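Containing CSV, C-alpha atoms: run34.csv.
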```
chain,number,residue,atom,x,y,z
A,14,MET,CA,8.0,-1.9,-16.8
A,15,SER,CA,7.0,-2.3,-20.4
A,16,GLN,CA,3.3,-2.1,-21.3
A,17,ASN,CA,3.3,-4.9,-23.9
A,18,ALA,CA,5.8,-7.5,-22.6
A,19,LEU,CA,4.5,-10.0,-20.1
A,20,SER,CA,6.2,-10.0,-16.7
A,21,ARG,CA,8.5,-12.9,-16.1
A,22,GLU,CA,6.2,-14.2,-13.3
A,23,LEU,CA,3.1,-14.0,-15.5
A,24,ALA,CA,4.9,-15.8,-18.4
A,25,LEU,CA,6.0,-18.5,-15.9
A,26,ARG,CA,2.5,-18.9,-14.6
A,27,ILE,CA,1.0,-19.2,-18.1
A,28,GLY,CA,3.6,-21.9,-18.9
A,29,LEU,CA,2.8,-23.9,-15.8
A,30,ALA,CA,-0.9,-23.5,-16.2
A,31,ALA,CA,-0.7,-24.7,-19.8
A,32,ARG,CA,1.1,-27.8,-18.6
A,33,ALA,CA,-1.8,-28.5,-16.2
A,34,LEU,CA,-4.2,-28.5,-19.2
A,35,PRO,CA,-4.5,-31.4,-21.7
A,36,ASP,CA,-2.9,-30.9,-25.1
A,37,THR,CA,-2.1,-27.3,-24.4
A,38,ASP,CA,1.1,-25.4,-24.8
A,39,ALA,CA,1.8,-21.9,-23.6
A,40,LYS,CA,1.0,-20.4,-27.0
A,41,ARG,CA,-2.5,-22.0,-27.1
A,42,LEU,CA,-3.3,-20.9,-23.6
A,43,LEU,CA,-2.0,-17.4,-24.4
A,44,THR,CA,-4.4,-17.2,-27.4
A,45,VAL,CA,-7.3,-18.2,-25.2
A,46,LEU,CA,-6.4,-15.8,-22.4
A,47,GLY,CA,-5.9,-13.0,-25.0
A,48,SER,CA,-9.5,-13.6,-26.2
A,49,CYS,CA,-10.8,-13.2,-22.6
A,50,ILE,CA,-9.3,-9.8,-21.7
A,51,ALA,CA,-8.4,-6.6,-23.4
A,52,ALA,CA,-4.7,-5.9,-24.2
A,53,PRO,CA,-2.3,-5.3,-22.6
A,54,MET,CA,-2.3,-8.5,-20.7
A,55,THR,CA,-1.4,-7.9,-17.0
A,56,GLU,CA,-1.1,-10.1,-14.0
A,57,SER,CA,-4.2,-8.6,-12.4
A,58,LYS,CA,-6.4,-8.9,-15.5
A,59,VAL,CA,-5.4,-12.6,-15.9
A,60,ALA,CA,-6.0,-13.2,-12.2
A,61,ALA,CA,-9.6,-11.8,-12.6
A,62,ILE,CA,-10.6,-14.5,-15.2
A,63,ASP,CA,-13.2,-16.9,-13.8
A,64,LEU,CA,-14.0,-20.5,-14.6
A,65,ALA,CA,-17.0,-19.8,-16.9
A,66,THR,CA,-15.1,-17.2,-18.9
A,67,LEU,CA,-12.1,-19.6,-19.4
A,68,LYS,CA,-14.4,-22.5,-20.3
A,69,ASN,CA,-16.2,-20.5,-23.0
A,70,ALA,CA,-13.3,-18.4,-24.2
A,71,ASN,CA,-12.1,-18.5,-27.8
A,72,HIS,CA,-15.2,-20.3,-29.1
A,73,GLY,CA,-15.0,-23.0,-26.4
A,74,THR,CA,-11.5,-24.2,-26.8
A,75,PHE,CA,-11.6,-25.6,-23.3
A,76,ALA,CA,-15.3,-26.5,-23.3
A,77,LYS,CA,-14.6,-30.3,-23.0
A,78,VAL,CA,-11.9,-29.9,-20.3
A,79,ASP,CA,-12.9,-31.1,-16.8
A,80,ASP,CA,-13.8,-28.2,-14.5
A,81,SER,CA,-11.4,-29.4,-11.8
A,82,VAL,CA,-8.5,-29.3,-14.3
A,83,LEU,CA,-9.5,-25.8,-15.4
A,84,GLN,CA,-9.7,-24.7,-11.8
A,85,GLN,CA,-6.2,-26.0,-11.2
A,86,ALA,CA,-4.9,-24.0,-14.1
A,87,LEU,CA,-6.8,-20.9,-12.8
A,88,HIS,CA,-5.2,-21.4,-9.4
A,89,ILE,CA,-1.8,-21.3,-11.0
A,90,LEU,CA,-2.7,-18.1,-13.0
A,91,LYS,CA,-4.0,-16.4,-9.9
A,92,ASN,CA,-1.0,-17.5,-7.9
A,93,THR,CA,-3.2,-19.2,-5.3
A,94,ALA,CA,-1.9,-22.7,-6.0
A,95,PRO,CA,0.3,-24.2,-3.2
A,96,GLN,CA,3.4,-23.6,-5.3
A,97,LYS,CA,3.5,-19.8,-5.6
A,98,ILE,CA,5.6,-17.9,-8.0
A,99,LEU,CA,7.2,-14.8,-6.6
A,100,PRO,CA,9.0,-12.0,-8.4
A,101,ASP,CA,12.8,-11.6,-8.0
A,102,VAL,CA,14.0,-9.0,-5.5
A,103,GLN,CA,15.9,-6.2,-7.3
A,104,ALA,CA,19.3,-4.9,-6.1
A,105,TYR,CA,19.1,-1.6,-4.2
A,106,GLN,CA,21.7,0.4,-2.4
A,107,GLU,CA,21.0,3.4,-0.2
A,108,GLY,CA,21.0,6.5,-2.4
A,109,ASP,CA,20.1,4.7,-5.7
A,110,LEU,CA,16.8,6.4,-5.9
A,111,PRO,CA,16.9,10.0,-4.8
A,112,ASN,CA,13.8,11.4,-2.9
A,113,SER,CA,12.4,7.9,-2.5
A,114,VAL,CA,10.3,6.3,0.2
A,115,ARG,CA,10.2,2.7,1.2
A,116,ILE,CA,6.7,1.2,1.2
A,117,ALA,CA,5.3,-2.2,2.2
A,118,CYS,CA,2.2,-3.9,0.6
A,119,GLY,CA,0.4,-6.7,2.4
A,120,SER,CA,-0.3,-9.4,-0.2
A,121,ASP,CA,-1.4,-13.0,-0.5
A,122,ASP,CA,-0.7,-13.6,-4.2
A,123,ALA,CA,2.2,-11.2,-5.0
A,124,ILE,CA,-0.1,-9.6,-7.6
A,125,HIS,CA,-2.6,-7.6,-5.6
A,126,VAL,CA,-2.6,-5.6,-2.3
A,127,ASN,CA,-5.2,-8.0,-0.9
A,128,GLY,CA,-3.7,-9.0,2.5
A,129,HIS,CA,-5.0,-8.4,6.0
A,130,PHE,CA,-2.2,-6.8,8.1
A,131,GLY,CA,-2.3,-9.6,10.7
A,132,ALA,CA,-2.5,-12.5,8.3
A,133,CYS,CA,-1.1,-11.7,4.9
A,134,ALA,CA,1.4,-14.1,3.4
A,135,TRP,CA,3.9,-11.4,2.5
A,136,PHE,CA,4.9,-7.8,2.8
A,137,MET,CA,6.2,-6.8,-0.6
A,138,VAL,CA,8.7,-4.1,0.2
A,139,TYR,CA,9.3,-1.5,-2.5
A,140,GLN,CA,11.6,1.5,-2.8
A,141,VAL,CA,9.7,4.1,-4.8
A,142,ASN,CA,10.4,7.5,-6.1
A,143,SER,CA,8.4,9.5,-8.7
A,144,GLU,CA,10.1,7.8,-11.6
A,145,GLU,CA,11.1,4.3,-10.5
A,146,ALA,CA,10.1,1.5,-8.2
A,147,ARG,CA,12.1,-1.4,-7.1
A,148,LEU,CA,11.0,-4.5,-5.3
A,149,VAL,CA,13.7,-4.6,-2.6
A,150,ASP,CA,12.4,-7.3,-0.3
A,151,ILE,CA,9.7,-9.9,0.3
A,152,ARG,CA,9.1,-10.5,3.9
A,153,THR,CA,6.9,-13.2,5.4
A,154,ALA,CA,6.5,-11.9,8.9
A,155,GLU,CA,5.9,-15.4,10.1
A,156,ILE,CA,6.9,-15.9,13.7
A,157,PRO,CA,10.0,-18.2,13.7
A,158,GLN,CA,9.5,-21.5,15.4
A,159,GLY,CA,10.4,-21.5,19.0
A,160,LEU,CA,10.2,-17.7,19.4
A,161,VAL,CA,7.6,-16.6,21.8
A,162,VAL,CA,6.0,-13.3,20.9
A,163,ASP,CA,3.6,-11.5,23.2
A,164,ASP,CA,2.0,-9.4,20.5
A,165,LYS,CA,1.8,-10.8,17.0
A,166,ASN,CA,0.7,-7.5,15.4
A,167,ALA,CA,3.6,-5.6,17.0
A,168,PHE,CA,6.0,-8.3,15.8
A,169,ARG,CA,4.6,-8.0,12.3
A,170,ALA,CA,4.9,-4.2,12.3
A,171,GLU,CA,8.5,-4.4,13.5
A,172,GLN,CA,9.3,-6.5,10.4
A,173,ILE,CA,8.5,-3.5,8.2
A,174,GLN,CA,9.9,-0.8,10.5
A,175,ASP,CA,12.1,0.6,7.8
A,176,CYS,CA,9.0,1.4,5.6
A,177,LYS,CA,7.2,4.8,5.7
A,178,VAL,CA,3.9,3.7,4.2
A,179,LEU,CA,2.0,0.4,4.5
A,180,TYR,CA,-0.8,-0.6,2.1
A,181,VAL,CA,-3.2,-3.3,3.2
A,182,ALA,CA,-6.7,-4.5,2.3
A,183,SER,CA,-7.7,-4.3,5.9
A,184,VAL,CA,-6.2,-3.7,9.3
A,185,GLY,CA,-7.7,-3.6,12.8
A,186,GLY,CA,-7.8,-0.5,15.0
A,187,PRO,CA,-5.3,-1.5,17.7
A,188,ALA,CA,-3.0,-3.0,15.1
A,189,ALA,CA,-3.1,0.3,13.2
A,190,ALA,CA,-2.1,2.1,16.3
A,191,LYS,CA,1.0,-0.1,16.7
A,192,ILE,CA,1.9,0.6,13.1
A,193,VAL,CA,1.6,4.3,13.5
A,194,LYS,CA,3.7,4.1,16.7
A,195,LEU,CA,6.6,2.8,14.7
A,196,GLY,CA,6.3,5.8,12.3
A,197,ILE,CA,4.7,3.8,9.5
A,198,HIS,CA,1.7,5.4,7.7
A,199,PRO,CA,-1.0,2.7,7.3
A,200,MET,CA,-3.3,2.9,4.3
A,201,LYS,CA,-6.4,0.7,4.1
A,202,LEU,CA,-7.6,0.4,0.5
A,203,ALA,CA,-11.3,0.8,-0.3
A,204,GLN,CA,-11.0,-2.1,-2.7
A,205,VAL,CA,-8.4,-4.6,-3.8
A,206,GLU,CA,-6.0,-3.1,-6.3
A,207,SER,CA,-2.9,-4.5,-8.0
A,208,LEU,CA,0.5,-3.8,-6.7
A,209,ALA,CA,1.5,-2.0,-10.0
A,210,ASP,CA,-1.6,0.3,-9.8
A,211,ILE,CA,-0.9,1.3,-6.1
A,212,ILE,CA,2.7,2.1,-7.0
A,213,ALA,CA,1.7,4.1,-10.0
A,214,GLN,CA,-0.8,6.1,-7.9
A,215,LEU,CA,1.8,6.8,-5.2
A,216,GLN,CA,4.3,7.9,-7.9
A,217,GLN,CA,1.7,10.3,-9.3
A,218,VAL,CA,1.3,11.9,-5.9
A,219,MET,CA,5.0,12.1,-5.4
A,220,ALA,CA,5.6,13.7,-8.7
A,221,ALA,CA,2.8,16.3,-8.2
A,222,THR,CA,2.2,17.8,-4.8
A,223,PRO,CA,3.0,15.3,-2.0
A,224,PRO,CA,1.4,16.1,1.4
A,225,PRO,CA,3.9,17.6,3.9
A,226,TRP,CA,4.3,14.3,5.9
A,227,LEU,CA,5.1,12.5,2.6
A,228,ALA,CA,7.5,15.2,1.4
A,229,LYS,CA,9.3,14.9,4.8
A,230,ALA,CA,9.5,11.1,4.3
A,231,MET,CA,10.9,11.7,0.8
A,232,GLY,CA,13.6,13.8,2.3
A,233,ILE,CA,12.6,17.0,0.5
A,234,ALA,CA,14.1,19.9,2.5
A,235,ALA,CA,11.6,22.0,4.4
A,236,SER,CA,12.6,25.1,2.4
A,237,ASP,CA,11.6,23.5,-0.9
A,238,ARG,CA,8.4,22.3,0.7
A,239,PHE,CA,7.6,25.8,1.9
A,240,LYS,CA,7.6,27.0,-1.8
A,241,PHE,CA,5.1,24.3,-2.7
A,242,GLU,CA,2.9,25.2,0.3
A,243,ARG,CA,2.8,28.8,-0.7
A,244,GLU,CA,1.8,27.8,-4.3
A,245,ALA,CA,-0.9,25.6,-2.9
A,246,VAL,CA,-2.3,28.3,-0.7
A,247,GLY,CA,-2.2,31.0,-3.4
B,26,MET,CA,-2.1,30.5,25.1
B,27,ALA,CA,-2.9,28.2,22.2
B,28,LEU,CA,-1.7,25.1,20.4
B,29,TYR,CA,-0.6,24.7,16.8
B,30,ILE,CA,-0.3,21.7,14.5
B,31,VAL,CA,3.2,20.9,13.0
B,32,GLU,CA,2.5,21.0,9.3
B,33,ALA,CA,5.3,18.5,8.4
B,34,ASP,CA,3.9,15.8,10.7
B,35,CYS,CA,0.1,16.2,10.3
B,36,ILE,CA,-1.3,13.3,8.2
B,37,SER,CA,-4.8,15.0,7.9
B,38,CYS,CA,-6.6,12.2,9.6
B,39,GLY,CA,-9.1,14.6,11.0
B,40,ASP,CA,-9.4,12.9,14.4
B,41,CYS,CA,-8.8,16.2,16.2
B,42,GLU,CA,-11.5,18.3,14.6
B,43,PRO,CA,-14.6,16.9,16.3
B,44,VAL,CA,-13.1,16.7,19.8
B,45,CYS,CA,-12.2,20.4,20.1
B,46,PRO,CA,-14.6,22.0,22.7
B,47,THR,CA,-14.1,25.4,21.1
B,48,GLN,CA,-14.3,24.4,17.4
B,49,SER,CA,-10.9,25.9,16.8
B,50,ILE,CA,-9.7,23.2,14.5
B,51,THR,CA,-10.5,23.3,10.8
B,52,GLU,CA,-9.1,21.7,7.7
B,53,GLY,CA,-6.8,24.1,6.0
B,54,PRO,CA,-5.5,24.0,2.4
B,55,ILE,CA,-2.5,21.8,3.3
B,56,VAL,CA,-3.3,20.2,6.7
B,57,PHE,CA,-5.5,20.8,9.7
B,58,LYS,CA,-5.0,24.0,11.6
B,59,ILE,CA,-5.9,25.5,15.0
B,60,ASP,CA,-7.2,29.0,15.4
B,61,LYS,CA,-4.9,30.5,18.0
B,62,ARG,CA,-7.5,33.2,18.8
B,63,THR,CA,-10.1,30.7,20.1
B,64,CYS,CA,-7.9,27.8,21.3
B,65,THR,CA,-8.0,27.5,25.0
B,66,GLU,CA,-5.8,24.4,25.3
B,67,CYS,CA,-9.1,23.0,26.7
B,68,GLU,CA,-8.7,25.0,29.9
B,69,GLY,CA,-12.0,24.9,31.7
B,70,ASP,CA,-13.3,22.0,29.6
B,71,PHE,CA,-10.9,19.2,30.1
B,72,ASP,CA,-7.8,18.4,32.1
B,73,VAL,CA,-5.7,17.7,29.0
B,74,PRO,CA,-6.0,19.2,25.5
B,75,GLN,CA,-8.3,16.8,23.6
B,76,CYS,CA,-6.6,17.1,20.2
B,77,VAL,CA,-3.2,16.1,21.7
B,78,LYS,CA,-5.0,13.2,23.4
B,79,VAL,CA,-6.5,11.8,20.1
B,80,CYS,CA,-3.7,12.7,17.7
B,81,PRO,CA,-2.0,9.5,16.5
B,82,ILE,CA,1.3,11.3,15.8
B,83,ASP,CA,3.8,12.1,18.6
B,84,ASN,CA,4.7,15.8,19.0
B,85,CYS,CA,2.4,16.9,16.2
B,86,ILE,CA,0.3,19.3,18.3
B,87,LEU,CA,2.5,21.6,20.4
B,88,PRO,CA,2.0,24.7,22.5
B,89,LEU,CA,2.5,28.0,20.6
B,90,GLU,CA,5.3,30.0,22.0
B,91,ALA,CA,3.6,33.3,22.8
```
Output the file's structure in the form of structure tokens.
Amino acid sequence: MSQNALSRELALRIGLAARALPDTDAKRLLTVLGSCIAAPMTESKVAAIDLATLKNANHGTFAKVDDSVLQQALHILKNTAPQKILPDVQAYQEGDLPNSVRIACGSDDAIHVNGHFGACAWFMVYQVNSEEARLVDIRTAEIPQGLVVDDKNAFRAEQIQDCKVLYVASVGGPAAAKIVKLGIHPMKLAQVESLADIIAQLQQVMAATPPPWLAKAMGIAASDRFKFEREAVG
Amino acid sequence: MALYIVEADCISCGDCEPVCPTQSITEGPIVFKIDKRTCTECEGDFDVPQCVKVCPIDNCILPLEA
């Protein structure tokens, strides 16, 4: 991921938001957004802009625009509008990323890990190793119509059974127990963070000294792990 | 007779530490560990080892082969 280039999804959102505003093209909106936040422009920074900031930004470019119109543009930028923009799933074949783990992130906007396990719109499924991360799937975990499910949380956990780690903003106790039962390590975040930040944090841990259970999930042989453990003790 | 924690499976949740009646469980440099000199497998205190009961991972706390 380049630091300076906008992601395809963010560019698309800015384009659509500009269209919702009067006499505004993507370039004009981009200038205004650029004056609100420090470079580089990221999805999570843009999503954090509030109505007052946007209205007063760039010497009041949008000062005369109606609040409801601005709000609509913000919904598009935050990906909370009814028409949501999702990133493309990347191709992945078993063995593409050595020493990788599959993780799932509960999200409602495809920008942040902000979902509650039992209610989030999507599980963003990534295959991650210390150098690369690929979005391999986006799962809704909606119960299909007509299917009767006794236990909604168990059903949702089964949808991400191939993942080793699950990041969510919140999860209840009994639900967490069902997740652990399926061999998934649930992680409840102290605060909402962007998907990109979470993956970067995980990659740091994977590159440095992963805890034994994670090393096992990464497929690092026990003999290699032993070496690391001795270093850590010494 | 004592129990031990499988290092590769322990997720360091710490649930086992407070339930040990003999305070044999401590956080080690990597994961939690059981002092085999003081662990009684809860004999005399409980019917089942309390750490095994609360551990969220299956087969993470096992009897040490003496």
Mind giving me the straight-line distance from CA of Lys61 in chain B to CA of Leu87 in chain B in Å, one decimal?
->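 Separation of CA of Lys61 in chain B and CA of Leu87 in chain B: 11.8 Å.
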Taking only residues of chain B that have an atom at most 12 Å from an atom of chain A, what is each one's shortest atom pair and its distance in Å to one decimal, using all atoms listed in the file, in chain and number order, as CSV?
```
residue,atom,partner,partner_atom,distance
B:Val31,CA,A:Pro225,CA,9.7
B:Glu32,CA,A:Pro225,CA,6.5
B:Ala33,CA,A:Pro225,CA,4.8
B:Asp34,CA,A:Trp226,CA,5.0
B:Cys35,CA,A:Trp226,CA,6.4
B:Ile36,CA,A:Trp226,CA,6.1
B:Ser37,CA,A:Pro224,CA,9.0
B:Cys38,CA,A:His198,CA,10.9
B:Gly53,CA,A:Val246,CA,9.1
B:Pro54,CA,A:Val246,CA,6.2
B:Ile55,CA,A:Glu242,CA,7.1
B:Val56,CA,A:Pro225,CA,8.2
B:Phe57,CA,A:Pro225,CA,11.5
B:Val79,CA,A:Ala190,CA,11.3
B:Cys80,CA,A:Val193,CA,10.8
B:Pro81,CA,A:Val193,CA,7.0
B:Ile82,CA,A:Val193,CA,7.4
B:Asp83,CA,A:Lys194,CA,8.2
B:Asn84,CA,A:Lys194,CA,12.0
B:Cys85,CA,A:Trp226,CA,10.8
```
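Applying the 12 Å criterion to (-1.7, -29.2, -18.3) in file coordinates and using all atoms listed in the file, one obtains the residues Arg26, Ile27, Gly28, Leu29, Ala30, Ala31, Arg32, Ala33, Leu34, Pro35, Asp36, Thr37, Asp38, Ala39, Arg41, Leu42, Phe75, Val78, Asp79, Ser81, Val82, Leu83, Gln84, Gln85, Ala86, Leu87 and Ile89 of chain A.
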Output file for the selection above: C-alpha atoms, as a PDB file, in the coordinates of the input:
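Writing done, so here's selection_29.pdb:
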```pdb
ATOM      1  CA  ARG A  26       2.500 -18.900 -14.600  1.00  0.00           C
ATOM      2  CA  ILE A  27       1.000 -19.200 -18.100  1.00  0.00           C
ATOM      3  CA  GLY A  28       3.600 -21.900 -18.900  1.00  0.00           C
ATOM      4  CA  LEU A  29       2.800 -23.900 -15.800  1.00  0.00           C
ATOM      5  CA  ALA A  30      -0.900 -23.500 -16.200  1.00  0.00           C
ATOM      6  CA  ALA A  31      -0.700 -24.700 -19.800  1.00  0.00           C
ATOM      7  CA  ARG A  32       1.100 -27.800 -18.600  1.00  0.00           C
ATOM      8  CA  ALA A  33      -1.800 -28.500 -16.200  1.00  0.00           C
ATOM      9  CA  LEU A  34      -4.200 -28.500 -19.200  1.00  0.00           C
ATOM     10  CA  PRO A  35      -4.500 -31.400 -21.700  1.00  0.00           C
ATOM     11  CA  ASP A  36      -2.900 -30.900 -25.100  1.00  0.00           C
ATOM     12  CA  THR A  37      -2.100 -27.300 -24.400  1.00  0.00           C
ATOM     13  CA  ASP A  38       1.100 -25.400 -24.800  1.00  0.00           C
ATOM     14  CA  ALA A  39       1.800 -21.900 -23.600  1.00  0.00           C
ATOM     15  CA  ARG A  41      -2.500 -22.000 -27.100  1.00  0.00           C
ATOM     16  CA  LEU A  42      -3.300 -20.900 -23.600  1.00  0.00           C
ATOM     17  CA  PHE A  75     -11.600 -25.600 -23.300  1.00  0.00           C
ATOM     18  CA  VAL A  78     -11.900 -29.900 -20.300  1.00  0.00           C
ATOM     19  CA  ASP A  79     -12.900 -31.100 -16.800  1.00  0.00           C
ATOM     20  CA  SER A  81     -11.400 -29.400 -11.800  1.00  0.00           C
ATOM     21  CA  VAL A  82      -8.500 -29.300 -14.300  1.00  0.00           C
ATOM     22  CA  LEU A  83      -9.500 -25.800 -15.400  1.00  0.00           C
ATOM     23  CA  GLN A  84      -9.700 -24.700 -11.800  1.00  0.00           C
ATOM     24  CA  GLN A  85      -6.200 -26.000 -11.200  1.00  0.00           C
ATOM     25  CA  ALA A  86      -4.900 -24.000 -14.100  1.00  0.00           C
ATOM     26  CA  LEU A  87      -6.800 -20.900 -12.800  1.00  0.00           C
ATOM     27  CA  ILE A  89      -1.800 -21.300 -11.000  1.00  0.00           C
TER      28      ILE A  89
END
```
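Our summary of the geometry notes that CA of Asp210 in chain A is positioned 19.4 Å from CA of Ala24 in chain A.
Proximity of A:Leu19, A:Ala70, A:Ile151, A:Val161 to Phe136 in chain A, computed with all atoms listed in the file, is greatest for A:Ile151.
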Mind pulling up the distance from CA of Cys41 in chain B to CA of Lys165 in chain A?
->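 Distance between the two atoms: 29.0 Å.
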